[in-house]
Amino acid sequence: MNKYVFYLILISLSLCGLRAQAVDYQLDDLNGKRQSLEQYRGQWVVVNFWASWCSTCIKEIPDLVDLHQQGGESGIVVIGVNYEDISTARLKKFVSDLAIPYPIWRSELVPITPLGRVPALPTTYIINPEGHPVAGEVGIVSRQQIEAYILSKKPDIRLSGSVEDI
């Protein structure tokens, strides 16, 4: 098993735990319109908490862009949750300058979100098609890590290092 997948699974158990109900997380987008995880039901959703001042966050953005652009065909969507106090105008310019195509939502700096804690940036959660948070990672993630994790969870694909084997 890929060591990154193992760590992602391990952290998922500590951050997310087992949740009996789907999570509906709602935040405003860059245009002030309320968005919800519910609208992505049926897809894998990668929720990435980040800030424009965070160099590690910026480093992982190209992989998240690739994942979002290529993942649409396989039912994967990325949502960036901006987790800082920044003006909307500055944030829109930042997103435009980096050509980030995935939805950007805005969050206040709260200690616990409906998905769980955000102890440091970046923090990423993976939501399964049923709306349940199934994994989380504090620190940088790659497209390959996320895809490997999601592939290990698809019922028609069985990897030797699936969660059931740990």
# chains A, B, ... in the order shown; residues from 1 in each chain; ligands from 1
$ residues_around --residues "A:Glu130" --least-positions-apart "4" --cutoff "12 Å" --atoms "only C-alpha atoms" --output "PyMOL selection string"
chain A and resi 19-24+37-45+126+134
$ residues_around --residues "stretch 67-73 of chain A" --least-positions-apart "5" --cutoff "10 Å" --atoms "only C-alpha atoms" --output "list of chain:residue names"
A:Gln43, A:Trp44, A:Val45, A:Val46, A:Ile61, A:Pro62, A:Val78, A:Ile79, A:Ile100, A:Pro101, A:Tyr102, A:Pro103, A:Ser142, A:Arg143, A:Gln144, A:Ile146, A:Glu147
$ atom_distance --atom1 "atom CA of A:Leu98" --atom2 "atom CA of A:Ile86"
16.3 Å
$ atom_distance --atom1 "atom CA of A:Tyr83" --atom2 "atom CA of A:Cys57"
11.0 Å
$ select_by_dssp --residues "stretch 114-152 of chain A" --states "strand (DSSP E or B)" --output "PyMOL selection string"
chain A and resi 116-117+123-127+133-138
$ write_last_selection --atoms "C-alpha atoms" --output "mmCIF file, in the first residue's frame"
data_model
loop_
_atom_site.group_PDB
_atom_site.id
_atom_site.type_symbol
_atom_site.label_atom_id
_atom_site.label_comp_id
_atom_site.auth_asym_id
_atom_site.auth_seq_id
_atom_site.Cartn_x
_atom_site.Cartn_y
_atom_site.Cartn_z
ATOM 1 C CA GLY A 116 -14.449 18.567 11.834
ATOM 2 C CA ARG A 117 -11.463 20.503 13.143
ATOM 3 C CA THR A 123 -6.606 20.819 5.896
ATOM 4 C CA THR A 124 -8.482 18.617 3.434
ATOM 5 C CA TYR A 125 -11.550 16.441 3.908
ATOM 6 C CA ILE A 126 -12.916 13.847 1.485
ATOM 7 C CA ILE A 127 -16.687 13.420 1.353
ATOM 8 C CA PRO A 133 -16.779 12.639 5.538
ATOM 9 C CA VAL A 134 -14.540 9.588 5.135
ATOM 10 C CA ALA A 135 -11.003 10.972 5.267
ATOM 11 C CA GLY A 136 -9.051 13.998 6.303
ATOM 12 C CA GLU A 137 -5.507 15.263 6.066
ATOM 13 C CA VAL A 138 -3.718 18.105 7.808
#
